[in-house]
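See structure below.
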Amino acid sequence: MKVILLQDVEKLGKKFEVKEVKEGYARNFLIPNKLAKPATKESLKWLEIQKEIEEKKAEQELKKFQELATKIDGTELVIPVKVGEENQLFEKITAQKISDKLKETGINIEKEQIQLEEPIKELGEFPIKIKFPHNLEAELRLIVTEEKI
């Protein structure tokens with residue numbers, strides 16, 4: 001029996017793929033759990049429309065992330081921190097702190113997107129990579145300075 005997958009199904013296929021499965025598997029598991037629907041003429045037409053919609057969404061998303069990556073690329077982000085004697089930082093600069101500082105400037109980046117191997121523990125300039133969906137990357141310069149009191 002041919003079915004259209006409505007969601008990704010492990011060991012079977014991805015969303016919107018047409019698969020040949022055993023009738024019992026389709027009728028007893030896939031269809032009742034809304035994981036698939038029978039591949040009829042009408043549902044195949046519906047599938048084509050859904051694929052077009054998904055494609056347009058993906059294009060818009062890609063464009064949005066490209067604009068954001070272009071906006072971030074080469075940007076300098078200054079984070080002032082309290083420093084003790086011998087230029088010891090009182091706090092580490094983490095991905096969360098960088099994300100919060102970017103949000104203050106109007107750039108919405110999640111901490112998971114920031115590629116930081118370990119927290120920054122010293123003053124100076126650091127290149128920070130930011131990963132986006134669709135294999136896009138941007139790099140900003142993080143400048144950690146002493147907080148003026």
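Just so we're on the same page: first chain in the structure tokens is A, next is B, and so on; residues restart at 1 for each chain, and ligands are numbered from 1 in the order they show up.
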All residues 12 Å or closer to Glu117 (chain A), only C-alpha atoms, same chain fewer than 2 positions away omitted, as a PyMOL selection string: chain A and resi 93-95+112+114-115+119-120+126-129
Chain A: residues DSSP assigns to helix (DSSP H, G or I), reported as number ranges by chain: A: 23-30, 41-72, 85-87, 95-104, 111-113
Selected residues written out, C-alpha atoms, as an mmCIF file, in the first residue's frame:
data_model
loop_
_atom_site.group_PDB
_atom_site.id
_atom_site.type_symbol
_atom_site.label_atom_id
_atom_site.label_comp_id
_atom_site.auth_asym_id
_atom_site.auth_seq_id
_atom_site.Cartn_x
_atom_site.Cartn_y
_atom_site.Cartn_z
ATOM 1 C CA GLU A 23 -1.189 -2.732 4.384
ATOM 2 C CA GLY A 24 -1.419 -3.824 8.034
ATOM 3 C CA TYR A 25 1.360 -1.444 9.073
ATOM 4 C CA ALA A 26 -0.380 1.430 7.319
ATOM 5 C CA ARG A 27 -3.914 0.691 8.563
ATOM 6 C CA ASN A 28 -3.016 -0.307 12.130
ATOM 7 C CA PHE A 29 -0.174 2.061 12.940
ATOM 8 C CA LEU A 30 0.687 4.832 10.485
ATOM 9 C CA LYS A 41 -4.982 10.968 -6.562
ATOM 10 C CA GLU A 42 -6.379 13.735 -4.359
ATOM 11 C CA SER A 43 -3.770 13.283 -1.657
ATOM 12 C CA LEU A 44 -0.960 13.288 -4.254
ATOM 13 C CA LYS A 45 -2.260 16.657 -5.546
ATOM 14 C CA TRP A 46 -2.368 17.866 -1.945
ATOM 15 C CA LEU A 47 1.234 16.653 -1.545
ATOM 16 C CA GLU A 48 2.420 18.744 -4.498
ATOM 17 C CA ILE A 49 0.805 21.859 -2.998
ATOM 18 C CA GLN A 50 2.364 21.122 0.403
ATOM 19 C CA LYS A 51 5.813 20.677 -1.145
ATOM 20 C CA GLU A 52 5.486 24.064 -2.895
ATOM 21 C CA ILE A 53 4.462 25.718 0.372
ATOM 22 C CA GLU A 54 7.400 24.101 2.222
ATOM 23 C CA GLU A 55 9.781 25.201 -0.549
ATOM 24 C CA LYS A 56 8.597 28.810 -0.311
ATOM 25 C CA LYS A 57 8.945 28.724 3.482
ATOM 26 C CA ALA A 58 12.474 27.345 3.172
ATOM 27 C CA GLU A 59 13.402 30.063 0.656
ATOM 28 C CA GLN A 60 12.053 32.799 2.934
ATOM 29 C CA GLU A 61 13.842 31.308 5.930
ATOM 30 C CA LEU A 62 17.098 31.055 3.989
ATOM 31 C CA LYS A 63 16.789 34.676 2.895
ATOM 32 C CA LYS A 64 16.116 35.784 6.477
ATOM 33 C CA PHE A 65 19.160 33.900 7.802
ATOM 34 C CA GLN A 66 21.361 35.208 4.973
ATOM 35 C CA GLU A 67 20.404 38.776 5.865
ATOM 36 C CA LEU A 68 21.073 38.129 9.544
ATOM 37 C CA ALA A 69 24.437 36.488 8.786
ATOM 38 C CA THR A 70 25.417 39.449 6.598
ATOM 39 C CA LYS A 71 24.381 41.863 9.349
ATOM 40 C CA ILE A 72 26.467 40.028 11.962
ATOM 41 C CA GLU A 85 44.487 42.594 39.924
ATOM 42 C CA GLU A 86 46.646 41.047 37.199
ATOM 43 C CA ASN A 87 43.727 41.488 34.732
ATOM 44 C CA ALA A 95 27.669 31.885 24.956
ATOM 45 C CA GLN A 96 24.661 33.003 27.042
ATOM 46 C CA LYS A 97 26.343 36.299 27.904
ATOM 47 C CA ILE A 98 27.215 36.902 24.229
ATOM 48 C CA SER A 99 23.633 36.040 23.215
ATOM 49 C CA ASP A 100 22.212 38.460 25.810
ATOM 50 C CA LYS A 101 24.535 41.255 24.653
ATOM 51 C CA LEU A 102 23.541 40.664 21.012
ATOM 52 C CA LYS A 103 19.848 40.814 21.999
ATOM 53 C CA GLU A 104 20.524 44.219 23.591
ATOM 54 C CA LYS A 111 23.167 30.627 22.702
ATOM 55 C CA GLU A 112 23.169 27.245 20.922
ATOM 56 C CA GLN A 113 24.087 29.002 17.667
#
DSSP strand (DSSP E or B) residues within chain A, as a PyMOL selection string: chain A and resi 2-5+9+13+18-20+36-38+76-81+83+89+93+114-115+120+124-132+136-146
Separation of CA of Lys34 (chain A) from CA of Glu10 (chain A) in Å: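 Between CA of Glu10 (chain A) and CA of Lys34 (chain A) the gap is 14.4 Å.
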Would you mind listing what lies within 10 Å of Lys148 (chain A) as a tab-separated table (two decimals) with C-alpha atoms, in the first residue's frame, with only C-alpha atoms counted and same-chain residues fewer than 2 positions away left out?
chain	number	residue	atom	x	y	z
A	80	PRO	CA	32.92	45.28	29.58
A	81	VAL	CA	33.63	43.12	32.65
A	82	LYS	CA	34.92	43.68	36.16
A	83	VAL	CA	38.62	42.93	36.42
A	145	THR	CA	37.35	45.16	27.99
A	146	GLU	CA	37.78	46.32	31.54
Interatomic distance (Å, one decimal) between CA of Leu6 (chain A) and CA of Phe132 (chain A): 25.7 Å
Length of the CA of Glu20 (chain A) to CA of Lys37 (chain A) vector [Å]: 11.7 Å
